[in-house]
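Have a look at model.cif below; it lists mmCIF, C-alpha atoms and all ligand atoms.
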```cif
data_target
#
loop_
_atom_site.label_atom_id
_atom_site.label_comp_id
_atom_site.auth_asym_id
_atom_site.auth_seq_id
_atom_site.Cartn_x
_atom_site.Cartn_y
_atom_site.Cartn_z
CA MET A 2 5.51 12.28 1.54
CA ALA A 3 5.15 15.17 -0.90
CA ALA A 4 1.80 13.80 -2.09
CA ALA A 5 0.45 13.55 1.46
CA GLU A 6 1.76 16.99 2.39
CA ALA A 7 -0.21 18.48 -0.51
CA LEU A 8 -3.47 17.15 0.98
CA THR A 9 -5.58 18.27 3.91
CA PRO A 10 -5.04 15.59 6.57
CA GLY A 11 -7.97 13.23 7.02
CA LYS A 12 -8.30 9.47 7.38
CA ALA A 13 -5.55 7.26 5.97
CA LEU A 14 -5.01 3.55 5.51
CA ASP A 15 -1.55 1.94 5.48
CA LEU A 16 -1.79 -1.47 3.77
CA GLY A 17 0.89 -3.94 4.82
CA CYS A 18 2.18 -1.37 7.32
CA GLY A 19 5.06 -3.48 8.70
CA TYR A 20 6.66 -1.58 11.58
CA GLY A 21 4.47 1.41 10.79
CA ARG A 22 6.95 3.80 9.28
CA THR A 23 4.43 5.31 6.82
CA ALA A 24 1.52 5.26 9.27
CA ILE A 25 3.58 6.95 11.98
CA TRP A 26 4.86 9.62 9.60
CA LEU A 27 1.29 10.34 8.47
CA ALA A 28 0.04 10.47 12.07
CA GLN A 29 2.79 12.95 12.89
CA HIS A 30 1.50 15.07 10.01
CA GLY A 31 -2.06 15.23 11.27
CA TRP A 32 -3.62 12.12 9.69
CA GLN A 33 -5.80 9.64 11.56
CA VAL A 34 -4.30 6.36 10.39
CA ASP A 35 -5.24 2.69 10.41
CA GLY A 36 -2.32 0.36 9.68
CA VAL A 37 -2.97 -3.27 8.71
CA ASP A 38 -0.48 -6.12 8.60
CA PHE A 39 -0.92 -9.87 9.05
CA VAL A 40 2.26 -10.31 11.10
CA PRO A 41 1.36 -9.81 14.79
CA GLU A 42 4.97 -9.06 15.77
CA ALA A 43 5.10 -6.26 13.18
CA ILE A 44 1.84 -4.79 14.51
CA ALA A 45 3.12 -4.91 18.10
CA GLU A 46 6.33 -3.16 17.06
CA ALA A 47 4.41 -0.56 15.04
CA ALA A 48 2.26 0.23 18.09
CA ARG A 49 5.38 0.49 20.26
CA ARG A 50 7.06 2.85 17.77
CA ALA A 51 3.93 4.99 17.48
CA GLN A 52 3.84 5.30 21.26
CA ALA A 53 7.52 6.26 21.36
CA ALA A 54 6.95 8.84 18.61
CA GLY A 55 4.02 10.40 20.47
CA ALA A 56 1.71 9.40 17.60
CA ALA A 57 -0.29 6.65 19.30
CA GLY A 58 -3.41 8.83 19.54
CA ARG A 59 -3.59 9.14 15.77
CA ALA A 60 -2.37 5.71 14.62
CA ARG A 61 -4.20 2.43 15.20
CA PHE A 62 -2.69 -0.87 14.17
CA HIS A 63 -4.60 -4.02 13.28
CA THR A 64 -3.44 -7.59 12.79
CA GLY A 65 -5.21 -8.84 9.69
CA SER A 66 -5.00 -9.47 5.99
CA VAL A 67 -5.24 -6.62 3.50
CA ALA A 68 -7.46 -8.99 1.50
CA GLU A 69 -10.01 -9.11 4.35
CA LEU A 70 -10.72 -5.51 5.29
CA ASP A 71 -14.32 -6.04 6.39
CA PHE A 72 -13.45 -5.10 9.97
CA LEU A 73 -12.75 -1.51 8.87
CA ASP A 74 -15.44 1.05 8.30
CA GLY A 75 -15.72 4.66 7.34
CA ARG A 76 -14.42 6.62 4.44
CA TYR A 77 -10.69 7.10 3.93
CA ASP A 78 -9.10 10.03 2.08
CA LEU A 79 -5.76 8.33 1.46
CA ALA A 80 -4.50 4.76 1.12
CA VAL A 81 -0.83 3.85 0.89
CA ASP A 82 0.72 0.49 0.05
CA VAL A 83 4.50 0.33 0.17
CA GLY A 84 5.56 -3.13 -0.87
CA CYS A 85 2.58 -5.31 0.08
CA LEU A 86 0.45 -5.80 -3.04
CA HIS A 87 3.07 -7.84 -4.89
CA ALA A 88 2.85 -10.51 -2.17
CA LEU A 89 -0.84 -11.21 -2.85
CA THR A 90 -2.31 -14.11 -4.81
CA PRO A 91 -4.67 -13.17 -7.67
CA GLY A 92 -7.69 -14.00 -5.47
CA GLN A 93 -6.37 -11.91 -2.58
CA LEU A 94 -5.67 -9.07 -4.99
CA ARG A 95 -9.32 -9.06 -6.16
CA ARG A 96 -10.55 -8.91 -2.55
CA TYR A 97 -8.00 -6.17 -1.71
CA HIS A 98 -9.30 -4.13 -4.65
CA ALA A 99 -12.93 -4.67 -3.54
CA GLY A 100 -12.01 -3.58 -0.01
CA LEU A 101 -10.35 -0.40 -1.24
CA LYS A 102 -13.35 0.41 -3.41
CA ARG A 103 -15.60 0.14 -0.39
CA LEU A 104 -13.37 2.07 2.01
CA LEU A 105 -12.07 4.99 -0.06
CA SER A 106 -14.08 8.19 -0.45
CA PRO A 107 -14.67 9.54 -3.95
CA GLY A 108 -11.57 11.56 -4.85
CA ALA A 109 -9.36 9.72 -2.35
CA LEU A 110 -5.73 9.16 -3.33
CA TYR A 111 -4.34 5.61 -3.46
CA LEU A 112 -0.54 5.46 -3.66
CA LEU A 113 1.00 2.11 -4.52
CA TYR A 114 4.65 1.13 -4.60
CA THR A 115 5.11 -2.37 -5.98
CA ARG A 116 7.56 -4.71 -7.57
CA LEU A 117 6.78 -5.16 -11.27
CA GLN A 118 7.27 -8.20 -13.40
CA GLU A 119 10.54 -7.94 -15.33
CA ASP A 120 10.39 -7.66 -19.12
CA THR A 121 12.37 -10.90 -19.27
CA PRO A 122 11.64 -12.67 -15.95
CA GLU A 123 14.47 -14.70 -14.43
CA PRO A 124 13.38 -18.17 -13.23
CA GLU A 125 15.17 -17.71 -9.89
CA THR A 126 14.67 -14.36 -8.17
CA GLU A 127 14.77 -13.27 -4.55
CA GLY A 128 11.58 -12.14 -2.86
CA PRO A 129 8.06 -12.09 -4.30
CA PRO A 130 7.74 -12.20 -8.07
CA GLY A 131 6.76 -8.90 -9.62
CA VAL A 132 3.21 -8.15 -10.73
CA PRO A 133 2.54 -7.46 -14.42
CA GLN A 134 1.89 -3.74 -14.78
CA GLU A 135 -1.19 -4.45 -16.92
CA ALA A 136 -2.70 -6.64 -14.18
CA ILE A 137 -2.74 -3.62 -11.87
CA THR A 138 -3.95 -1.05 -14.38
CA HIS A 139 -6.64 -3.45 -15.63
CA LEU A 140 -7.95 -4.30 -12.15
CA PHE A 141 -7.99 -0.68 -10.96
CA GLN A 142 -9.84 0.52 -14.05
CA ASP A 143 -12.81 -0.48 -11.95
CA GLY A 144 -13.41 2.37 -9.53
CA PHE A 145 -10.13 4.27 -9.97
CA THR A 146 -8.33 6.52 -12.42
CA LEU A 147 -4.58 6.34 -12.90
CA ASP A 148 -3.12 9.83 -12.61
CA LYS A 149 0.56 9.02 -12.72
CA LEU A 150 2.88 6.04 -13.12
CA GLU A 151 6.56 6.23 -12.26
CA ILE A 152 8.51 3.14 -13.32
CA GLY A 153 12.00 2.69 -12.00
CA VAL A 154 14.48 0.31 -10.47
CA THR A 155 14.74 -0.44 -6.76
CA GLU A 156 18.28 -0.94 -5.53
CA MET A 157 19.11 -2.35 -2.11
CA PRO A 158 22.44 -3.43 -0.68
CA ASP A 159 23.38 -7.09 -1.28
CA ARG A 160 20.43 -7.81 -3.59
CA PRO A 161 19.95 -7.73 -7.33
CA PRO A 162 17.97 -4.63 -8.39
CA TRP A 163 14.35 -5.09 -9.39
CA LYS A 164 11.83 -3.28 -11.58
CA SER A 165 9.34 -1.33 -9.53
CA ALA A 166 6.77 1.43 -9.84
CA TRP A 167 4.74 4.03 -8.02
CA PHE A 168 1.12 4.14 -9.13
CA TRP A 169 -0.96 7.20 -8.29
CA PHE A 170 -4.67 6.38 -8.42
CA HIS A 171 -7.75 8.37 -7.50
CA ARG A 172 -11.00 6.77 -6.39
CA VAL A 173 -13.90 7.58 -8.69
CA GLN A 174 -17.54 6.53 -8.46
C1 LIG B 1 8.08 -5.11 2.21
S1 LIG B 1 7.17 -5.05 3.70
C2 LIG B 1 6.82 -3.31 3.76
C3 LIG B 1 6.38 -2.83 5.11
C4 LIG B 1 5.99 -1.35 5.17
N1 LIG B 1 4.94 -1.01 4.22
C5 LIG B 1 7.20 -0.48 4.95
O1 LIG B 1 7.28 0.18 3.90
O2 LIG B 1 8.06 -0.42 5.83
C6 LIG B 1 5.60 -5.77 3.23
C7 LIG B 1 4.62 -5.95 4.37
O3 LIG B 1 3.39 -6.46 3.85
C8 LIG B 1 2.88 -7.38 4.78
N2 LIG B 1 1.93 -8.27 4.07
C9 LIG B 1 2.16 -9.10 3.04
N3 LIG B 1 1.03 -9.73 2.66
C10 LIG B 1 0.05 -9.29 3.50
C11 LIG B 1 -1.35 -9.57 3.62
N4 LIG B 1 -1.98 -10.44 2.83
N5 LIG B 1 -2.04 -8.91 4.58
C12 LIG B 1 -1.43 -8.04 5.41
N6 LIG B 1 -0.12 -7.73 5.34
C13 LIG B 1 0.61 -8.35 4.39
C14 LIG B 1 4.11 -8.10 5.32
O4 LIG B 1 3.85 -8.72 6.57
C15 LIG B 1 5.10 -6.94 5.42
O5 LIG B 1 5.07 -6.32 6.69
#
```
Show how you would write the structure in this file as structure tokens.
Amino acid sequence: MAAAEALTPGKALDLGCGYGRTAIWLAQHGWQVDGVDFVPEAIAEAARRAQAAGAAGRARFHTGSVAELDFLDGRYDLAVDVGCLHALTPGQLRRYHAGLKRLLSPGALYLLYTRLQEDTPEPETEGPPGVPQEAITHLFQDGFTLDKLEIGVTEMPDRPPWKSAWFWFHRVQ
């Protein structure tokens, strides 16, 4: 939120938007947002919540995969992924990266929150396995610079904590 507030509102992309909480917040702060999620029920609920929040004019929601972003066009100034990337297969991740390269304007900010692979992975864990940090930094060397990396631990009620990180990338030519 602080990162977005420091920017002049423009076009934003919410990858794996779920019920639209990030997209709706951005729309309420002047951004024109496209949210993408492959669960139709989530997209319907996001659209309903945007309507209820008076943000429907600025937030559009699309049922589709973040690995197949060909249906989107135009240059985005901001992309946000809160908890989607770690669900992708390696092939999907490569197509996701290619889509972001195409869609983001030079200088655009790409904010990624993801689960990271543990230093000593447990064989049985809940939820998607974490992504190796190096896999992300290596892939996004192509077309992006890493400005900041905040590694921490995500804690939720009734679940074991997991290693996670916020990556702050900028799109470069
Ligand atoms: C942990 S939820 C986070 C939802 C939302 N970003 C939030 O913070 O509330 C992850 C979301 O990513 C979506 N997702 C996972 N893989 C996807 C894919 N390949 N294409 C589109 N959405 C995907 C899921 O349907 C889910 O809504």
Quiz item: At a cut-off of 10 Å from (6.8, -5.6, -10.4) in the coordinates of the file, what residues are picked up using all atoms listed in the file, written as an MDAnalysis selection string?
Solution: chainID A and resid 84 86:87 114:120 129:134 137 152:154 163:166
Exercise. Show me which residues sit within 7 Å of ligand LIG 1 (chain B) when counting all atoms listed in the file, and put them as a list of chain:residue names.
Key: A:Leu16, A:Gly17, A:Cys18, A:Gly19, A:Tyr20, A:Gly21, A:Arg22, A:Thr23, A:Val37, A:Asp38, A:Phe39, A:Val40, A:Ala43, A:Gly65, A:Ser66, A:Val67, A:Ala68, A:Asp82, A:Val83, A:Gly84, A:Cys85, A:Leu86, A:Ala88, A:Leu89
Quiz item: Looking at A:Ile44, A:Ala109, A:Val173, A:Leu94, which one is nearest to Ala136 in chain A, with distances taken over only C-alpha atoms?
Solution: A:Leu94
Quiz item: Could you list as a PyMOL selection string every residue that has an atom within 8 Å of (-13.6, 0.8, 5.1), using the file's coordinates and counting all atoms listed in the file?
Solution: chain A and resi 70-77+100-101+103-105
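Of the residues under consideration (A:Asp78, A:Asp143, A:Glu46, A:Asp148), A:Asp78 shows the shortest atom-to-atom contact distance to Ala5 in chain A when counting all atoms listed in the file.
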Practice problem: Rank nothing, just name the residue among A:Ile25, A:Val81, A:Gln142, A:Gln33 nearest to Ala53 in chain A, using all atoms listed in the file. | Solution: A:Ile25
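Minimum atom-to-atom distances from A:Met2, A:Ala54, A:Ala99, A:Ala48 to Leu140 in chain A were compared using all atoms listed in the file, and the lowest value belongs to A:Ala99.
The coordinates place CA of Leu14 in chain A at 10.4 Å from CA of Leu112 in chain A.
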Quiz item: Suppose you want the space between CA of Tyr111 in chain A and CA of Arg50 in chain A; what is it in Å?
Solution: 24.3 Å
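Picture a line from CA of Arg61 in chain A to CA of His30 in chain A; it runs 14.8 Å.
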Practice problem: Give the answer as one residue: which of A:Lys102, A:Arg160, A:Arg49, A:His171 has the shortest atom-to-atom distance to Thr146 in chain A, using only C-alpha atoms? | Solution: A:His171
Quiz item: Hey, which of A:Glu69, A:Ala51, A:Leu110, A:Ala60 ends up closest to Arg96 in chain A? Count only C-alpha atoms.
Solution: A:Glu69
Near-Val34 in chain A list (8 Å; only C-alpha atoms; drop same-chain fewer than 4 positions) as a PDB file with C-alpha atoms, in the coordinates of the input:
```pdb
ATOM      1  CA  LYS A  12      -8.300   9.470   7.380  1.00  0.00           C
ATOM      2  CA  ALA A  13      -5.550   7.260   5.970  1.00  0.00           C
ATOM      3  CA  LEU A  14      -5.010   3.550   5.510  1.00  0.00           C
ATOM      4  CA  ASP A  15      -1.550   1.940   5.480  1.00  0.00           C
ATOM      5  CA  ALA A  24       1.520   5.260   9.270  1.00  0.00           C
ATOM      6  CA  LEU A  27       1.290  10.340   8.470  1.00  0.00           C
ATOM      7  CA  ALA A  28       0.040  10.470  12.070  1.00  0.00           C
ATOM      8  CA  ARG A  59      -3.590   9.140  15.770  1.00  0.00           C
ATOM      9  CA  ALA A  60      -2.370   5.710  14.620  1.00  0.00           C
ATOM     10  CA  ARG A  61      -4.200   2.430  15.200  1.00  0.00           C
TER      11      ARG A  61
END
```
